[in-house]
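Undergrad: PDB, C-alpha atoms, pLDDT in the B column, saved as protein-v1.pdb, coming up:
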```
ATOM      1  CA  MET E   5      -7.060-131.315 -48.150  1.00 78.00           C
ATOM      2  CA  PRO E   6     -10.738-132.037 -48.756  1.00 86.00           C
ATOM      3  CA  ILE E   7     -13.184-129.260 -47.927  1.00 89.00           C
ATOM      4  CA  ILE E   8     -16.505-129.886 -46.181  1.00 91.00           C
ATOM      5  CA  GLU E   9     -18.924-127.689 -48.157  1.00 89.00           C
ATOM      6  CA  GLN E  10     -21.988-128.844 -46.240  1.00 87.00           C
ATOM      7  CA  GLU E  11     -22.283-130.616 -42.912  1.00 89.00           C
ATOM      8  CA  ALA E  12     -24.687-133.553 -42.649  1.00 88.00           C
ATOM      9  CA  LYS E  13     -27.826-132.559 -40.809  1.00 87.00           C
ATOM     10  CA  VAL E  14     -31.503-133.110 -40.314  1.00 87.00           C
ATOM     11  CA  ALA E  15     -33.195-130.381 -42.356  1.00 87.00           C
ATOM     12  CA  GLY E  16     -36.742-130.802 -41.202  1.00 90.00           C
ATOM     13  CA  THR E  17     -39.780-133.021 -41.389  1.00 91.00           C
ATOM     14  CA  ARG E  18     -42.129-133.712 -44.292  1.00 92.00           C
ATOM     15  CA  GLU E  19     -45.919-133.606 -43.965  1.00 94.00           C
ATOM     16  CA  ASP E  20     -45.958-137.402 -43.711  1.00 92.00           C
ATOM     17  CA  GLY E  21     -43.653-137.226 -40.683  1.00 89.00           C
ATOM     18  CA  SER E  22     -40.546-138.515 -42.451  1.00 86.00           C
ATOM     19  CA  THR E  23     -37.269-136.754 -41.812  1.00 85.00           C
ATOM     20  CA  ILE E  24     -35.421-134.694 -44.419  1.00 87.00           C
ATOM     21  CA  LEU E  25     -31.724-135.530 -44.236  1.00 87.00           C
ATOM     22  CA  LEU E  26     -29.033-133.458 -45.973  1.00 89.00           C
ATOM     23  CA  PRO E  27     -25.760-135.244 -46.767  1.00 91.00           C
ATOM     24  CA  GLU E  28     -22.269-134.170 -45.833  1.00 92.00           C
ATOM     25  CA  VAL E  29     -20.640-132.836 -49.007  1.00 94.00           C
ATOM     26  CA  GLU E  30     -16.856-133.149 -49.179  1.00 95.00           C
ATOM     27  CA  VAL E  31     -14.958-131.577 -52.097  1.00 96.00           C
ATOM     28  CA  LYS E  32     -11.379-132.247 -53.162  1.00 97.00           C
ATOM     29  CA  ILE E  33      -9.875-129.895 -55.747  1.00 97.00           C
ATOM     30  CA  GLU E  34      -6.580-130.928 -57.287  1.00 97.00           C
ATOM     31  CA  ASN E  35      -4.250-130.388 -60.199  1.00 97.00           C
ATOM     32  CA  VAL E  36      -4.042-133.712 -62.025  1.00 97.00           C
ATOM     33  CA  ALA E  37      -0.752-132.755 -63.692  1.00 95.00           C
ATOM     34  CA  THR E  38       1.120-131.831 -60.495  1.00 95.00           C
ATOM     35  CA  GLY E  39      -0.912-133.504 -57.727  1.00 95.00           C
ATOM     36  CA  GLN E  40      -1.286-130.167 -55.912  1.00 95.00           C
ATOM     37  CA  GLU E  41      -4.425-129.911 -53.777  1.00 96.00           C
ATOM     38  CA  TYR E  42      -6.201-126.561 -53.516  1.00 96.00           C
ATOM     39  CA  ASN E  43      -8.066-125.138 -50.529  1.00 94.00           C
ATOM     40  CA  SER E  44     -10.791-123.558 -52.678  1.00 94.00           C
ATOM     41  CA  ASP E  45     -12.116-123.113 -56.210  1.00 94.00           C
ATOM     42  CA  VAL E  46     -10.710-119.571 -56.083  1.00 96.00           C
ATOM     43  CA  GLU E  47      -7.210-120.862 -55.363  1.00 96.00           C
ATOM     44  CA  ALA E  48      -7.437-123.261 -58.316  1.00 96.00           C
ATOM     45  CA  ALA E  49      -8.710-120.481 -60.605  1.00 97.00           C
ATOM     46  CA  GLU E  50      -5.826-118.239 -59.504  1.00 97.00           C
ATOM     47  CA  ASP E  51      -3.364-120.998 -60.455  1.00 97.00           C
ATOM     48  CA  VAL E  52      -4.983-121.298 -63.904  1.00 97.00           C
ATOM     49  CA  ALA E  53      -4.867-117.504 -64.368  1.00 97.00           C
ATOM     50  CA  ASN E  54      -1.233-117.252 -63.214  1.00 96.00           C
ATOM     51  CA  PRO E  55       0.993-116.837 -66.315  1.00 96.00           C
ATOM     52  CA  ALA E  56       3.964-118.167 -64.323  1.00 96.00           C
ATOM     53  CA  THR E  57       2.404-121.663 -64.233  1.00 94.00           C
ATOM     54  CA  LEU E  58       1.492-124.092 -67.002  1.00 94.00           C
ATOM     55  CA  THR E  59      -1.789-124.984 -65.284  1.00 96.00           C
ATOM     56  CA  SER E  60      -4.857-124.994 -67.536  1.00 96.00           C
ATOM     57  CA  GLN E  61      -8.522-125.487 -66.653  1.00 96.00           C
ATOM     58  CA  ASN E  62      -8.204-129.044 -68.017  1.00 97.00           C
ATOM     59  CA  ASP E  63      -5.677-129.809 -65.261  1.00 97.00           C
ATOM     60  CA  ILE E  64      -8.171-129.041 -62.475  1.00 97.00           C
ATOM     61  CA  LYS E  65     -10.225-131.923 -61.064  1.00 97.00           C
ATOM     62  CA  ARG E  66     -13.064-131.393 -58.576  1.00 96.00           C
ATOM     63  CA  SER E  67     -14.136-134.591 -56.810  1.00 96.00           C
ATOM     64  CA  ILE E  68     -17.267-134.636 -54.678  1.00 95.00           C
ATOM     65  CA  THR E  69     -18.086-137.203 -51.995  1.00 94.00           C
ATOM     66  CA  MET E  70     -21.530-137.224 -50.395  1.00 93.00           C
ATOM     67  CA  ARG E  71     -22.100-139.011 -47.099  1.00 89.00           C
ATOM     68  CA  VAL E  72     -25.730-139.574 -46.252  1.00 82.00           C
ATOM     69  CA  LEU E  73     -26.891-139.861 -42.653  1.00 72.00           C
ATOM     70  CA  LYS E  74     -28.622-143.058 -41.721  1.00 69.00           C
ATOM     71  CA  GLY E  75     -32.146-141.994 -40.872  1.00 57.00           C
ATOM     72  CA  VAL E  76     -33.030-141.886 -37.208  1.00 55.00           C
ATOM     73  CA  GLY E  77     -35.721-144.462 -36.728  1.00 56.00           C
ATOM     74  CA  ALA E  78     -35.812-145.068 -40.502  1.00 54.00           C
ATOM     75  CA  VAL E  79     -37.727-148.008 -41.893  1.00 54.00           C
ATOM     76  CA  GLY E  80     -37.815-149.456 -45.370  1.00 50.00           C
ATOM     77  CA  ASP E  81     -35.154-150.332 -47.886  1.00 52.00           C
ATOM     78  CA  ALA E  82     -33.510-149.019 -51.015  1.00 48.00           C
ATOM     79  CA  GLY E  83     -35.849-150.948 -53.283  1.00 46.00           C
ATOM     80  CA  ALA E  84     -35.106-153.453 -55.979  1.00 42.00           C
TER      81      ALA E  84
END
```
Since I need it in another form, could you write the structure as structure tokens?
TA:
Amino acid sequence: MPIIEQEAKVAGTREDGSTILLPEVEVKIENVATGQEYNSDVEAAEDVANPATLTSQNDIKRSITMRVLKGVGAVGDAGA
């Protein structure tokens, strides 16, 4: 199950009046050998440290997805 490490939010306003937007950060931690998903980095580390499993650090994959808020009243474009 993916974990939301940071909720998307407006973080403030710059001196020029533009809005500072922080993205939503979603993390998925999984064992690529078994397909097991972990609920935290700690849980994955415990699996690696467990001598009863064959899991190594190389088996752990941490995928990050960032979702950026569309600016409220934003103007402009992404550029060329």
Undergrad: I'd like to know which of E:Tyr42, E:Ala48, E:Thr23, E:Ala12 is closest to E:Arg71, using all atoms listed in the file.
TA: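 Ranked by minimum distance to E:Arg71, first place goes to E:Ala12.
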Undergrad: With a distance cut-off of 9 Å and only C-alpha atoms, select the neighbouring residues of E:Thr69, excluding the residue or stretch itself and same-chain residues fewer than 5 positions from it, and output the selection as a list in words.
TA: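 Result of the neighbour search: Glu28, Val29, Glu30, Val31 and Lys32 of chain E.
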Undergrad: Taking C-alpha atoms for each residue, export the selection above as a short mmCIF file (atom, residue, chain, number, x, y, z; two decimals), keeping the file's coordinate frame.
TA:
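Done, and the output landed in out32.cif:
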```cif
data_model
loop_
_atom_site.label_atom_id
_atom_site.label_comp_id
_atom_site.auth_asym_id
_atom_site.auth_seq_id
_atom_site.Cartn_x
_atom_site.Cartn_y
_atom_site.Cartn_z
CA GLU E 28 -22.27 -134.17 -45.83
CA VAL E 29 -20.64 -132.84 -49.01
CA GLU E 30 -16.86 -133.15 -49.18
CA VAL E 31 -14.96 -131.58 -52.10
CA LYS E 32 -11.38 -132.25 -53.16
#
```
Undergrad: Taking the file as I've supplied it (selection: the PyMOL selection byres ((chain E and resi 67) around 12)), which residues are included? Please answer as a VMD selection string.
TA: chain E and resid 5 to 8 29 to 36 41 to 42 45 64 to 66 68 to 70
Undergrad: Would you list the residues near (-30.4, -132.3, -42.9), meaning any protein, DNA or RNA residue with an atom at most 12 Å from that point in file coordinates, counting only C-alpha atoms, as a compact mmCIF listing (two decimals) with C-alpha atoms, in the frame of the given file?
TA:
```txt
# COMPACT_ATOMS: atom_id res chain seq x y z
CA GLN E 10 -21.99 -128.84 -46.24
CA GLU E 11 -22.28 -130.62 -42.91
CA ALA E 12 -24.69 -133.55 -42.65
CA LYS E 13 -27.83 -132.56 -40.81
CA VAL E 14 -31.50 -133.11 -40.31
CA ALA E 15 -33.20 -130.38 -42.36
CA GLY E 16 -36.74 -130.80 -41.20
CA THR E 17 -39.78 -133.02 -41.39
CA ARG E 18 -42.13 -133.71 -44.29
CA SER E 22 -40.55 -138.51 -42.45
CA THR E 23 -37.27 -136.75 -41.81
CA ILE E 24 -35.42 -134.69 -44.42
CA LEU E 25 -31.72 -135.53 -44.24
CA LEU E 26 -29.03 -133.46 -45.97
CA PRO E 27 -25.76 -135.24 -46.77
CA GLU E 28 -22.27 -134.17 -45.83
CA VAL E 29 -20.64 -132.84 -49.01
CA ARG E 71 -22.10 -139.01 -47.10
CA VAL E 72 -25.73 -139.57 -46.25
CA LEU E 73 -26.89 -139.86 -42.65
CA LYS E 74 -28.62 -143.06 -41.72
CA GLY E 75 -32.15 -141.99 -40.87
CA VAL E 76 -33.03 -141.89 -37.21
```
Undergrad: How many Å lie between atom CA of E:Thr38 and atom CA of E:Gln61, rounded to one decimal?
TA: 13.1 Å
Undergrad: Could you give me the centre and size, in Å to one decimal, of an axis-aligned box around all listed atoms of stretch 45-64 of chain E with 6 Å added on every side, as lines of an AutoDock Vina configuration file?
TA:
```
center_x = -4.1
center_y = -123.3
center_z = -61.7
size_x = 28.1
size_y = 25.0
size_z = 24.7
```
Undergrad: Between atom CA of E:Asp51 and atom CA of E:Glu9, what distance in Å does the model show, to one decimal?
TA: 20.9 Å
Undergrad: What is the atom CA of E:Ala53 to atom CA of E:Gly39 distance in Å?
TA: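 Result for atom CA of E:Ala53 versus atom CA of E:Gly39: 17.8 Å, one decimal.
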Undergrad: When you get a chance, write out N, CA and C atoms for stretch 40-68 of chain E, as a compact mmCIF listing (two decimals), keeping the file's coordinate frame.
TA:
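In the end it all went to out16.txt:
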```txt
# COMPACT_ATOMS: atom_id res chain seq x y z
N GLN E 40 -1.03 -131.21 -56.92
CA GLN E 40 -1.29 -130.17 -55.91
C GLN E 40 -2.76 -130.13 -55.56
N GLU E 41 -3.05 -130.07 -54.25
CA GLU E 41 -4.42 -129.91 -53.78
C GLU E 41 -4.65 -128.45 -53.44
N TYR E 42 -5.84 -127.95 -53.77
CA TYR E 42 -6.20 -126.56 -53.52
C TYR E 42 -7.18 -126.48 -52.35
N ASN E 43 -7.17 -125.35 -51.66
CA ASN E 43 -8.07 -125.14 -50.53
C ASN E 43 -9.40 -124.55 -50.94
N SER E 44 -9.54 -124.14 -52.21
CA SER E 44 -10.79 -123.56 -52.68
C SER E 44 -10.80 -123.52 -54.20
N ASP E 45 -11.99 -123.30 -54.77
CA ASP E 45 -12.12 -123.11 -56.21
C ASP E 45 -11.37 -121.85 -56.64
N VAL E 46 -11.39 -120.84 -55.78
CA VAL E 46 -10.71 -119.57 -56.08
C VAL E 46 -9.20 -119.81 -56.22
N GLU E 47 -8.65 -120.57 -55.31
CA GLU E 47 -7.21 -120.86 -55.36
C GLU E 47 -6.85 -121.59 -56.65
N ALA E 48 -7.68 -122.54 -57.07
CA ALA E 48 -7.44 -123.26 -58.32
C ALA E 48 -7.54 -122.32 -59.51
N ALA E 49 -8.53 -121.44 -59.51
CA ALA E 49 -8.71 -120.48 -60.60
C ALA E 49 -7.52 -119.52 -60.68
N GLU E 50 -7.00 -119.12 -59.53
CA GLU E 50 -5.83 -118.24 -59.50
C GLU E 50 -4.61 -118.94 -60.11
N ASP E 51 -4.47 -120.24 -59.87
CA ASP E 51 -3.36 -121.00 -60.46
C ASP E 51 -3.51 -121.05 -61.98
N VAL E 52 -4.73 -121.26 -62.46
CA VAL E 52 -4.98 -121.30 -63.90
C VAL E 52 -4.67 -119.93 -64.52
N ALA E 53 -5.07 -118.86 -63.85
CA ALA E 53 -4.87 -117.50 -64.37
C ALA E 53 -3.41 -117.03 -64.27
N ASN E 54 -2.61 -117.68 -63.44
CA ASN E 54 -1.23 -117.25 -63.21
C ASN E 54 -0.37 -117.58 -64.44
N PRO E 55 0.17 -116.57 -65.13
CA PRO E 55 0.99 -116.84 -66.32
C PRO E 55 2.33 -117.51 -65.99
N ALA E 56 2.70 -117.53 -64.72
CA ALA E 56 3.96 -118.17 -64.32
C ALA E 56 3.83 -119.68 -64.19
N THR E 57 2.60 -120.21 -64.30
CA THR E 57 2.40 -121.66 -64.23
C THR E 57 1.87 -122.18 -65.57
N LEU E 58 2.01 -123.46 -65.78
CA LEU E 58 1.49 -124.09 -67.00
C LEU E 58 0.09 -124.66 -66.79
N THR E 59 -0.49 -124.42 -65.63
CA THR E 59 -1.79 -124.98 -65.28
C THR E 59 -2.89 -124.45 -66.19
N SER E 60 -3.68 -125.37 -66.74
CA SER E 60 -4.86 -124.99 -67.54
C SER E 60 -6.11 -125.51 -66.82
N GLN E 61 -7.26 -125.04 -67.25
CA GLN E 61 -8.52 -125.49 -66.65
C GLN E 61 -8.68 -127.00 -66.77
N ASN E 62 -8.13 -127.59 -67.83
CA ASN E 62 -8.20 -129.04 -68.02
C ASN E 62 -7.41 -129.83 -66.98
N ASP E 63 -6.48 -129.15 -66.30
CA ASP E 63 -5.68 -129.81 -65.26
C ASP E 63 -6.39 -129.87 -63.91
N ILE E 64 -7.48 -129.13 -63.76
CA ILE E 64 -8.17 -129.04 -62.48
C ILE E 64 -9.27 -130.10 -62.39
N LYS E 65 -9.22 -130.88 -61.31
CA LYS E 65 -10.22 -131.92 -61.06
C LYS E 65 -10.93 -131.61 -59.75
N ARG E 66 -12.25 -131.66 -59.78
CA ARG E 66 -13.06 -131.39 -58.58
C ARG E 66 -13.85 -132.66 -58.28
N SER E 67 -13.47 -133.35 -57.20
CA SER E 67 -14.14 -134.59 -56.81
C SER E 67 -15.07 -134.31 -55.65
N ILE E 68 -16.27 -134.85 -55.72
CA ILE E 68 -17.27 -134.64 -54.68
C ILE E 68 -17.66 -135.98 -54.07
```
